[in-house]
$ cat start-v2.cif   # mmCIF, C-alpha atoms
data_model
#
loop_
_atom_site.label_atom_id
_atom_site.label_comp_id
_atom_site.auth_asym_id
_atom_site.auth_seq_id
_atom_site.Cartn_x
_atom_site.Cartn_y
_atom_site.Cartn_z
CA MET A 1 -45.89 20.69 -103.07
CA GLU A 2 -49.57 20.61 -104.14
CA ALA A 3 -49.36 16.90 -104.90
CA VAL A 4 -47.85 16.23 -101.47
CA LYS A 5 -50.64 18.28 -99.88
CA ARG A 6 -53.31 16.34 -101.75
CA PHE A 7 -51.77 13.00 -100.84
CA PHE A 8 -51.75 13.75 -97.12
CA ALA A 9 -55.34 14.99 -97.26
CA SER A 10 -56.40 11.69 -98.87
CA ARG A 11 -57.42 8.48 -97.17
CA TRP A 12 -54.20 6.75 -98.21
CA GLY A 13 -52.28 9.66 -96.76
CA ILE A 14 -53.77 9.29 -93.30
CA ILE A 15 -53.42 5.49 -93.47
CA CYS A 16 -49.72 5.83 -94.28
CA VAL A 17 -49.21 8.23 -91.38
CA GLY A 18 -50.97 5.89 -88.94
CA ALA A 19 -48.87 3.00 -90.24
CA VAL A 20 -45.61 4.94 -89.88
CA ILE A 21 -46.46 5.96 -86.31
CA GLY A 22 -47.35 2.35 -85.43
CA VAL A 23 -44.13 0.92 -86.83
CA LEU A 24 -41.90 3.66 -85.38
CA ALA A 25 -43.51 3.24 -81.94
CA ALA A 26 -42.72 -0.48 -81.99
CA ILE A 27 -39.15 0.26 -83.08
CA LEU A 28 -38.67 2.92 -80.38
CA GLN A 29 -39.75 0.29 -77.88
CA LYS A 30 -37.14 -2.09 -79.28
CA LEU A 31 -34.56 0.69 -78.96
CA GLY A 32 -35.29 1.27 -75.29
CA ASN A 33 -38.62 3.05 -74.75
CA PRO A 34 -40.89 1.41 -72.12
CA ALA A 35 -42.88 -1.69 -73.07
CA ASN A 36 -46.16 -0.98 -74.88
CA MET A 37 -45.15 2.68 -74.64
CA GLY A 38 -43.17 3.29 -77.81
CA ILE A 39 -44.94 6.61 -77.93
CA CYS A 40 -47.42 7.87 -75.35
CA VAL A 41 -48.10 11.59 -75.39
CA ALA A 42 -49.67 11.63 -71.91
CA CYS A 43 -46.95 9.46 -70.35
CA PHE A 44 -44.18 11.41 -72.03
CA GLU A 45 -45.56 14.78 -70.93
CA ARG A 46 -45.84 13.29 -67.45
CA ASP A 47 -42.16 12.28 -67.67
CA ILE A 48 -41.30 15.83 -68.75
CA ALA A 49 -43.18 17.20 -65.71
CA GLY A 50 -41.02 14.87 -63.60
CA SER A 51 -37.77 15.79 -65.32
CA ILE A 52 -38.23 19.48 -64.53
CA GLY A 53 -39.29 18.70 -60.98
CA LEU A 54 -42.98 19.60 -61.12
CA HIS A 55 -43.57 16.24 -59.48
CA ARG A 56 -41.00 14.01 -57.82
CA ALA A 57 -42.23 10.52 -58.66
CA ALA A 58 -38.78 8.96 -59.05
CA VAL A 59 -39.75 6.38 -61.66
CA VAL A 60 -41.22 8.79 -64.25
CA GLN A 61 -38.66 11.51 -64.88
CA TYR A 62 -37.21 12.06 -68.33
CA LEU A 63 -37.36 15.02 -70.68
CA ARG A 64 -38.75 13.05 -73.60
CA PRO A 65 -37.30 14.25 -76.93
CA GLU A 66 -40.26 12.78 -78.85
CA ILE A 67 -42.56 15.51 -77.49
CA ILE A 68 -40.05 18.23 -78.46
CA GLY A 69 -39.86 16.67 -81.93
CA PHE A 70 -43.65 16.58 -82.35
CA VAL A 71 -44.01 20.33 -81.81
CA LEU A 72 -40.93 21.33 -83.81
CA GLY A 73 -41.78 18.92 -86.64
CA ALA A 74 -45.28 20.37 -86.87
CA LEU A 75 -43.79 23.89 -86.88
CA LEU A 76 -41.45 22.91 -89.71
CA ALA A 77 -44.26 21.39 -91.77
CA ALA A 78 -46.52 24.36 -91.12
CA TYR A 79 -43.85 26.76 -92.45
CA LEU A 80 -42.90 24.54 -95.40
CA PHE A 81 -46.52 24.36 -96.53
CA LYS A 82 -47.39 27.95 -95.57
CA GLU A 83 -49.90 26.88 -92.92
CA PHE A 84 -48.40 28.55 -89.87
CA ARG A 85 -51.30 30.58 -88.48
CA PRO A 86 -50.78 32.30 -85.12
CA ARG A 87 -54.15 32.29 -83.38
CA ALA A 88 -55.38 32.35 -79.77
CA GLY A 89 -58.13 33.52 -77.50
CA SER A 90 -60.73 30.75 -77.59
CA ALA A 91 -61.50 30.13 -73.91
CA PRO A 92 -57.89 29.50 -72.74
CA ILE A 93 -58.74 28.84 -69.07
CA VAL A 94 -61.27 26.20 -70.12
CA ARG A 95 -58.66 24.54 -72.33
CA PHE A 96 -56.18 24.59 -69.45
CA MET A 97 -58.65 22.86 -67.11
CA LEU A 98 -59.56 20.33 -69.80
CA GLY A 99 -55.84 19.61 -70.22
CA VAL A 100 -55.44 19.07 -66.48
CA PHE A 101 -58.34 16.62 -66.24
CA ALA A 102 -57.51 14.91 -69.54
CA MET A 103 -54.12 14.08 -68.08
CA ILE A 104 -55.57 12.91 -64.78
CA GLY A 105 -58.00 10.60 -66.58
CA ALA A 106 -55.26 9.28 -68.84
CA LEU A 107 -53.02 8.56 -65.84
CA VAL A 108 -55.79 6.62 -64.09
CA PHE A 109 -55.86 4.35 -67.15
CA LEU A 110 -52.09 4.76 -67.74
CA GLY A 111 -51.96 6.04 -71.29
CA CYS A 112 -53.22 8.44 -73.91
CA PRO A 113 -55.25 7.13 -76.88
CA TRP A 114 -52.03 6.40 -78.78
CA ARG A 115 -50.80 4.22 -75.96
CA ALA A 116 -54.22 2.60 -75.56
CA VAL A 117 -53.85 1.39 -79.15
CA LEU A 118 -50.19 0.46 -78.68
CA ARG A 119 -51.07 -1.49 -75.53
CA LEU A 120 -53.71 -3.42 -77.46
CA ALA A 121 -51.20 -3.98 -80.28
CA GLY A 122 -48.82 -5.42 -77.68
CA GLY A 123 -51.45 -7.84 -76.37
CA ASP A 124 -52.60 -5.92 -73.27
CA GLY A 125 -56.30 -6.78 -72.91
CA ASN A 126 -56.84 -4.01 -70.35
CA ALA A 127 -56.53 -1.58 -73.24
CA ILE A 128 -59.93 -2.77 -74.48
CA LEU A 129 -61.52 -1.24 -71.38
CA GLY A 130 -59.57 1.95 -71.92
CA LEU A 131 -60.59 2.19 -75.57
CA ALA A 132 -64.23 1.53 -74.66
CA GLY A 133 -63.99 4.32 -72.10
CA LEU A 134 -62.37 6.61 -74.66
CA ALA A 135 -65.18 5.98 -77.14
CA THR A 136 -67.78 6.58 -74.42
CA GLY A 137 -66.19 9.86 -73.33
CA ILE A 138 -65.94 11.06 -76.93
CA GLY A 139 -69.56 9.99 -77.46
CA ILE A 140 -70.63 12.22 -74.57
CA GLY A 141 -68.52 15.03 -76.03
CA ALA A 142 -70.15 14.52 -79.45
CA TRP A 143 -73.57 14.87 -77.81
CA PHE A 144 -72.49 18.23 -76.38
CA LEU A 145 -71.18 19.30 -79.79
CA LYS A 146 -74.48 18.36 -81.40
CA ASN A 147 -76.27 20.42 -78.79
CA GLY A 148 -74.42 23.64 -79.38
CA TYR A 149 -71.27 23.25 -77.27
CA ASN A 150 -68.68 25.67 -78.57
CA LEU A 151 -65.53 27.20 -77.08
CA GLY A 152 -65.88 30.31 -79.24
CA ARG A 153 -63.71 31.87 -81.90
CA ALA A 154 -59.97 32.26 -81.79
CA GLN A 155 -58.44 35.48 -83.12
CA LYS A 156 -55.51 35.94 -85.42
CA THR A 157 -52.63 37.21 -83.33
CA TYR A 158 -48.92 38.07 -83.35
CA THR A 159 -46.55 35.54 -84.88
CA SER A 160 -44.66 35.43 -81.59
CA VAL A 161 -47.73 34.02 -79.81
CA GLY A 162 -47.63 31.01 -82.13
CA TRP A 163 -43.91 30.65 -81.54
CA LEU A 164 -44.08 30.47 -77.74
CA MET A 165 -44.75 26.72 -77.47
CA PRO A 166 -42.17 25.79 -80.14
CA LEU A 167 -39.66 28.07 -78.36
CA THR A 168 -40.50 26.39 -75.04
CA MET A 169 -39.73 23.04 -76.68
CA LEU A 170 -36.45 24.42 -78.06
CA GLY A 171 -35.68 25.54 -74.51
CA PHE A 172 -36.39 22.01 -73.26
CA LEU A 173 -34.01 20.67 -75.91
CA VAL A 174 -31.27 23.06 -74.76
CA LEU A 175 -31.88 21.94 -71.14
CA LEU A 176 -31.65 18.30 -72.20
CA LEU A 177 -28.39 18.81 -74.10
CA ALA A 178 -26.89 21.00 -71.35
CA ASN A 179 -27.84 18.57 -68.57
CA PRO A 180 -27.23 15.12 -70.06
CA GLN A 181 -27.98 11.97 -68.11
CA ILE A 182 -25.12 10.77 -65.92
CA ALA A 183 -25.08 7.00 -65.38
CA GLY A 184 -26.30 6.11 -61.89
CA GLU A 185 -27.21 9.72 -61.02
CA ALA A 186 -30.80 10.83 -60.37
CA GLN A 187 -30.02 14.43 -61.18
CA SER A 188 -27.96 16.26 -63.76
CA GLY A 189 -27.88 20.02 -63.29
CA VAL A 190 -31.49 21.19 -63.18
CA LEU A 191 -32.99 18.01 -64.65
CA PHE A 192 -34.16 14.89 -62.84
CA TYR A 193 -33.64 11.42 -64.28
CA SER A 194 -35.17 8.08 -63.32
CA LEU A 195 -32.81 5.31 -62.25
CA LYS A 196 -35.51 2.67 -62.62
CA GLY A 197 -39.08 2.33 -63.89
CA PRO A 198 -40.51 3.61 -67.16
CA GLY A 199 -38.64 6.92 -66.85
CA ALA A 200 -35.34 5.05 -67.02
CA ALA A 201 -36.36 3.28 -70.23
CA HIS A 202 -35.67 5.33 -73.30
CA ALA A 203 -34.29 5.08 -76.80
CA PRO A 204 -31.14 7.08 -77.66
CA LEU A 205 -31.81 10.84 -77.50
CA PHE A 206 -31.22 11.64 -81.16
CA VAL A 207 -33.25 8.67 -82.40
CA SER A 208 -36.18 9.81 -80.24
CA LEU A 209 -35.81 13.39 -81.45
CA LEU A 210 -35.63 12.43 -85.13
CA VAL A 211 -38.63 10.10 -84.88
CA GLY A 212 -40.51 12.87 -83.07
CA LEU A 213 -39.65 15.39 -85.81
CA LEU A 214 -40.71 12.99 -88.57
CA ILE A 215 -44.02 12.19 -86.87
CA GLY A 216 -44.55 15.91 -86.19
CA VAL A 217 -44.20 16.70 -89.90
CA LEU A 218 -46.41 13.80 -91.03
CA ALA A 219 -49.12 14.39 -88.44
CA GLN A 220 -49.28 18.13 -89.14
CA ARG A 221 -49.80 17.38 -92.83
CA SER A 222 -52.42 14.66 -92.32
CA ARG A 223 -54.22 16.14 -89.25
CA PHE A 224 -53.83 12.74 -87.57
CA CYS A 225 -56.06 12.72 -84.46
CA THR A 226 -57.26 9.74 -82.48
CA MET A 227 -60.04 11.68 -80.75
CA GLY A 228 -61.20 13.10 -84.09
CA ALA A 229 -61.20 9.55 -85.48
CA LEU A 230 -63.91 8.42 -83.07
CA ARG A 231 -65.69 11.77 -82.89
CA ASP A 232 -66.12 12.06 -86.67
CA LEU A 233 -67.40 8.50 -86.78
CA ILE A 234 -69.98 9.17 -84.07
CA LEU A 235 -70.92 12.69 -85.18
CA PHE A 236 -70.76 12.49 -88.98
CA ARG A 237 -70.33 8.77 -89.78
CA GLN A 238 -67.05 9.81 -91.39
CA THR A 239 -64.20 7.32 -91.39
CA HIS A 240 -61.36 9.44 -92.76
CA LEU A 241 -59.41 9.94 -89.51
CA LEU A 242 -60.54 6.53 -88.27
CA SER A 243 -58.61 4.82 -91.05
CA GLY A 244 -55.41 6.38 -89.72
CA PHE A 245 -56.24 5.28 -86.18
CA LEU A 246 -56.87 1.69 -87.35
CA ALA A 247 -53.69 1.71 -89.45
CA LEU A 248 -51.76 2.62 -86.29
CA LEU A 249 -53.26 -0.42 -84.52
CA VAL A 250 -52.70 -2.88 -87.39
CA PHE A 251 -49.14 -1.81 -88.17
CA ALA A 252 -48.05 -1.59 -84.54
CA PHE A 253 -49.47 -5.10 -84.05
CA ALA A 254 -47.60 -6.44 -87.10
CA ALA A 255 -44.38 -4.73 -86.04
CA ASN A 256 -44.73 -6.14 -82.50
CA LEU A 257 -45.17 -9.65 -83.93
CA VAL A 258 -42.03 -9.25 -86.05
CA LEU A 259 -40.02 -7.82 -83.14
CA GLY A 260 -41.30 -10.41 -80.65
CA GLN A 261 -43.11 -7.79 -78.55
CA PHE A 262 -46.60 -9.32 -78.60
CA ASN A 263 -47.61 -10.84 -75.24
CA PRO A 264 -51.37 -11.36 -74.94
CA GLY A 265 -53.09 -11.29 -71.55
CA PHE A 266 -54.56 -9.10 -68.84
CA THR A 267 -52.32 -9.63 -65.82
CA GLY A 268 -48.67 -8.69 -65.58
CA GLN A 269 -48.86 -6.30 -68.54
CA PRO A 270 -46.19 -3.58 -68.53
CA VAL A 271 -47.13 -0.27 -66.89
CA ALA A 272 -50.78 -1.33 -66.59
CA HIS A 273 -53.28 -2.39 -63.95
CA THR A 274 -56.31 -4.68 -64.10
CA GLN A 275 -59.00 -2.62 -62.36
CA HIS A 276 -61.36 -2.80 -65.32
CA PHE A 277 -63.90 -0.24 -64.21
CA TRP A 278 -61.26 2.41 -63.48
CA ASN A 279 -59.42 1.69 -66.73
CA PHE A 280 -62.75 2.41 -68.39
CA ALA A 281 -63.74 5.42 -66.26
CA GLY A 282 -60.32 7.08 -66.47
CA MET A 283 -60.57 7.08 -70.24
CA VAL A 284 -64.21 8.28 -70.18
CA LEU A 285 -62.88 11.38 -68.43
CA ALA A 286 -59.91 11.73 -70.80
CA GLY A 287 -62.04 11.14 -73.91
CA LEU A 288 -64.63 13.70 -72.83
CA ALA A 289 -61.93 16.28 -72.07
CA PHE A 290 -60.23 15.65 -75.45
CA ALA A 291 -63.56 15.97 -77.27
CA LEU A 292 -64.47 19.22 -75.48
CA ALA A 293 -60.99 20.60 -76.24
CA GLY A 294 -61.07 19.52 -79.90
CA GLY A 295 -58.12 17.16 -80.10
CA CYS A 296 -56.23 14.23 -78.62
CA PRO A 297 -52.97 15.04 -76.79
CA GLY A 298 -50.91 14.39 -79.91
CA ARG A 299 -53.07 16.60 -82.09
CA GLN A 300 -52.87 19.40 -79.50
CA LEU A 301 -49.06 19.28 -79.76
CA PHE A 302 -49.21 19.44 -83.57
CA MET A 303 -51.69 22.35 -83.48
CA ALA A 304 -49.47 24.12 -80.95
CA GLY A 305 -46.65 23.70 -83.48
CA GLU A 306 -48.66 25.34 -86.27
CA GLY A 307 -49.36 28.44 -84.20
CA ASP A 308 -52.46 27.57 -82.16
CA GLY A 309 -51.94 29.27 -78.79
CA ASP A 310 -55.08 27.66 -77.36
CA ALA A 311 -53.76 24.17 -78.09
CA ALA A 312 -50.54 25.27 -76.37
CA VAL A 313 -52.56 26.14 -73.25
CA PHE A 314 -54.07 22.64 -73.31
CA VAL A 315 -50.54 21.16 -73.48
CA VAL A 316 -49.45 23.23 -70.46
CA GLY A 317 -52.63 22.06 -68.70
CA MET A 318 -51.66 18.44 -69.34
CA ILE A 319 -48.14 18.93 -67.97
CA VAL A 320 -49.52 20.63 -64.85
CA GLY A 321 -52.19 17.91 -64.59
CA ALA A 322 -49.42 15.31 -64.53
CA ALA A 323 -47.81 17.13 -61.62
CA PHE A 324 -51.15 17.13 -59.74
CA ALA A 325 -51.63 13.46 -60.58
CA HIS A 326 -48.34 12.40 -59.04
CA ASN A 327 -48.19 14.93 -56.19
CA PHE A 328 -51.67 14.08 -54.91
CA GLY A 329 -51.81 10.32 -55.44
CA LEU A 330 -54.19 10.43 -58.41
CA ALA A 331 -52.11 8.46 -60.92
CA SER A 332 -52.37 4.69 -61.11
CA SER A 333 -49.47 2.27 -60.88
CA PRO A 334 -49.21 -1.41 -61.79
CA ALA A 335 -50.64 -2.04 -58.28
CA GLY A 336 -53.90 -0.28 -59.21
CA VAL A 337 -55.48 3.16 -58.99
CA GLY A 338 -53.83 5.74 -56.75
CA PRO A 339 -55.27 6.52 -53.29
CA ASN A 340 -57.14 9.58 -54.59
CA GLY A 341 -57.58 8.54 -58.22
CA ILE A 342 -61.25 7.67 -57.92
CA ALA A 343 -62.14 11.01 -56.32
CA ALA A 344 -60.22 12.80 -59.07
CA VAL A 345 -62.14 11.00 -61.82
CA VAL A 346 -65.45 11.95 -60.21
CA VAL A 347 -64.41 15.60 -59.81
CA GLY A 348 -63.02 15.65 -63.36
CA LEU A 349 -66.24 14.30 -64.84
CA ALA A 350 -68.24 16.88 -62.88
CA VAL A 351 -66.02 19.70 -64.20
CA CYS A 352 -66.27 18.44 -67.80
CA LEU A 353 -70.07 18.12 -67.57
CA PHE A 354 -70.27 21.62 -66.11
CA ILE A 355 -68.22 22.96 -69.04
CA GLY A 356 -70.22 20.94 -71.57
CA PHE A 357 -73.63 21.98 -70.28
CA THR A 358 -72.89 25.65 -69.68
CA MET A 359 -70.83 26.56 -72.77
CA ARG A 360 -73.59 26.10 -75.31
CA LYS A 361 -74.95 28.53 -77.82
CA THR A 362 -78.71 28.09 -77.54
CA ALA A 363 -79.68 30.14 -80.55
CA MET B 1 -78.05 35.22 -102.89
CA ALA B 2 -76.15 32.27 -101.50
CA THR B 3 -76.14 31.62 -97.75
CA THR B 4 -72.81 32.54 -96.15
CA ILE B 5 -71.45 30.58 -93.20
CA ASP B 6 -68.75 32.39 -91.26
CA ALA B 7 -66.65 29.71 -89.56
CA ARG B 8 -63.52 31.82 -89.19
CA GLY B 9 -61.74 31.38 -85.89
CA LEU B 10 -63.63 28.20 -85.08
CA SER B 11 -61.70 24.98 -84.88
CA CYS B 12 -62.83 21.58 -86.03
CA PRO B 13 -65.49 20.21 -85.87
CA GLN B 14 -67.43 23.51 -85.67
CA PRO B 15 -67.04 24.55 -89.34
CA VAL B 16 -68.20 21.10 -90.46
CA LEU B 17 -71.13 21.11 -88.00
CA MET B 18 -72.25 24.54 -89.21
CA THR B 19 -72.01 23.51 -92.85
CA LEU B 20 -73.90 20.25 -92.32
CA ASP B 21 -76.58 21.95 -90.20
CA THR B 22 -77.17 24.49 -92.94
CA ILE B 23 -77.33 21.80 -95.60
CA LYS B 24 -79.75 19.72 -93.54
CA ALA B 25 -81.95 22.74 -92.83
CA GLY B 26 -82.65 22.79 -96.58
CA ALA B 27 -79.95 25.02 -97.94
CA ASP B 28 -79.80 26.80 -101.25
CA LYS B 29 -78.06 25.28 -104.22
CA GLU B 30 -75.06 27.40 -103.42
CA LEU B 31 -73.30 27.92 -100.11
CA ILE B 32 -70.39 30.15 -99.18
CA VAL B 33 -68.24 29.01 -96.24
CA LEU B 34 -65.52 31.22 -94.78
CA VAL B 35 -62.74 29.39 -92.93
CA ASP B 36 -59.31 30.46 -91.73
CA THR B 37 -57.28 27.26 -91.56
CA ASP B 38 -56.29 24.64 -94.11
CA THR B 39 -57.62 21.94 -91.82
CA SER B 40 -61.09 23.52 -91.88
CA ARG B 41 -60.89 23.95 -95.66
CA GLU B 42 -60.15 20.23 -96.06
CA ASN B 43 -62.74 19.12 -93.52
CA VAL B 44 -65.55 21.27 -94.93
CA SER B 45 -64.72 20.14 -98.48
CA ARG B 46 -64.82 16.50 -97.40
CA ALA B 47 -68.12 16.93 -95.53
CA ALA B 48 -69.70 18.82 -98.43
CA ALA B 49 -68.72 16.07 -100.85
CA SER B 50 -70.42 13.50 -98.59
CA GLN B 51 -73.67 15.51 -98.91
CA GLY B 52 -73.60 15.68 -102.69
CA TYR B 53 -72.07 19.13 -102.92
CA THR B 54 -69.04 19.99 -105.00
CA VAL B 55 -66.47 22.59 -104.10
CA ALA B 56 -66.89 24.95 -107.03
CA ALA B 57 -64.25 27.42 -105.93
CA VAL B 58 -61.66 28.04 -103.24
CA ASP B 59 -60.63 31.69 -103.13
CA PRO B 60 -58.16 33.30 -100.74
CA ASP B 61 -60.01 35.55 -98.34
CA GLY B 62 -57.90 37.60 -95.98
CA ASP B 63 -55.81 35.03 -94.11
CA GLY B 64 -58.24 32.24 -94.87
CA TYR B 65 -60.40 30.85 -97.63
CA ARG B 66 -63.78 31.44 -99.15
CA LEU B 67 -65.29 28.12 -100.26
CA THR B 68 -68.11 28.07 -102.76
CA LEU B 69 -70.13 24.86 -102.47
CA LYS B 70 -72.63 23.87 -105.16
CA LYS B 71 -75.21 21.13 -105.07
CA GLY B 72 -74.94 18.44 -107.72
#
$ encode --input "start-v2.cif" --output "structure tokens"
Amino acid sequence: MEAVKRFFASRWGIICVGAVIGVLAAILQKLGNPANMGICVACFERDIAGSIGLHRAAVVQYLRPEIIGFVLGALLAAYLFKEFRPRAGSAPIVRFMLGVFAMIGALVFLGCPWRAVLRLAGGDGNAILGLAGLATGIGIGAWFLKNGYNLGRAQKTYTSVGWLMPLTMLGFLVLLLANPQIAGEAQSGVLFYSLKGPGAAHAPLFVSLLVGLLIGVLAQRSRFCTMGALRDLILFRQTHLLSGFLALLVFAFAANLVLGQFNPGFTGQPVAHTQHFWNFAGMVLAGLAFALAGGCPGRQLFMAGEGDGDAAVFVVGMIVGAAFAHNFGLASSPAGVGPNGIAAVVVGLAVCLFIGFTMRKTA
Amino acid sequence: MATTIDARGLSCPQPVLMTLDTIKAGADKELIVLVDTDTSRENVSRAAASQGYTVAAVDPDGDGYRLTLKKG
């Protein structure tokens, strides 16, 4: 057990985890997940919001088993390695708002940091703008951190608090199994399903769930975080997490080449648009929100699985943010940014700057 | 008397920032850092090593850890 712990805390450990995620994402795509979207935490939480009817965008509704697997896999790993620590109480409302605007920013670009890398690995040049925006947003967040920004201490709490998000995910799994997709039907019991679009593209349920569980275990062990990768580089010149992030890119690229999924270019890329400035600005907002909240969307799921109630609030914020994004015309589509997407980015940046400037310990 | 940094309840990167700030402010040869998650324990250990400190001891402390960092 100790040797396993040490391996995952090492540089080779994080590189292996990034590589596994990259390869599995490419394979999930081959097995039916949307193009350049083998795994996208933001997109998949958005699909979950659609599947339970929080928004009714017909093309993005599916209760993605990968997300369920991430949380439950992290829970499993946390218990196996005695790291389950129920904690909560560090500025939950702020984390909720950051989750909302992180999702809105990500949906203006059309992807979380994982998908930004997977898009690049699939040849989508627009991802370069997104990644540049992500780095810029995290850079602004790092400046706040350097200048005393702090969400305050969490407190140890009841075990049941840490279990609430994993139990919610178990509930989602029960819903999914009790209301299976019916061919040609847009609804099955209480769940909505997409008949076309990215929501209709998915790998077999149990493959998705197993991959999610595996990644959940590995990422909990290695603390894999794409936001942390760039933040630690900017803040501390540390490249530990960055090596995992780069491994994800390299291995997803190699796997895409092998599977014939590499199509370089800017136009006509799957689930992407070519409005460069808004690809950039959307991810500035998302990156800043991730940095202020202390983790990328994936990492927040893994922390929620190991008992962090504040990370769980961020996750709920993202799911609600996805509903806002699609109900109010904030999310982009392949045609470009949504009718109110630009306003939402501006408001989101203002909210993040307000949080960053005012929540500082000036001692 | 070694300086004690209480980073319990704070999530990354706060424990690392506090440790590095103390080191850069001209810390003693010995530092005690209190953390309450394994992630923080790993991150602080890694950051300390990058500043020429060694983790002399990791002791259980309540639900967390008490790290003793020594220069050299």
$ resolve_selection --input "start-v2.cif" --expression "the PyMOL selection byres ((chain B) within 12 of (chain A))" --output "ChimeraX atom specification"
/B:6-21,35-51,62-64
$ resolve_selection --input "start-v2.cif" --expression "the PyMOL selection byres ((chain A and resi 344-347) around 8)" --output "number ranges by chain"
A: 104-105, 281-282, 285, 330, 340-343, 348-351
$ closest_residue --input "start-v2.cif" --among "A:Ala116, A:Leu242, A:Met165, A:Leu63" --to "Tyr193 of chain A" --atoms "all atoms listed in the file"
A:Leu63
$ closest_residue --input "start-v2.cif" --among "B:Thr3, B:Leu67, B:Gly72, B:Asp28" --to "Val55 of chain B" --atoms "all atoms listed in the file"
B:Leu67
$ residues_around --input "start-v2.cif" --residues "Lys71 of chain B" --least-positions-apart "5" --cutoff "8 Å" --atoms "only C-alpha atoms" --output "JSON, numbers by chain"
{"B": [29, 30, 52, 53, 54]}
$ write_last_selection --input "start-v2.cif" --atoms "C-alpha atoms" --output "PDB file, in the coordinates of the input"
ATOM      1  CA  LYS B  29     -78.060  25.280-104.220  1.00  0.00           C
ATOM      2  CA  GLU B  30     -75.060  27.400-103.420  1.00  0.00           C
ATOM      3  CA  GLY B  52     -73.600  15.680-102.690  1.00  0.00           C
ATOM      4  CA  TYR B  53     -72.070  19.130-102.920  1.00  0.00           C
ATOM      5  CA  THR B  54     -69.040  19.990-105.000  1.00  0.00           C
TER       6      THR B  54
END
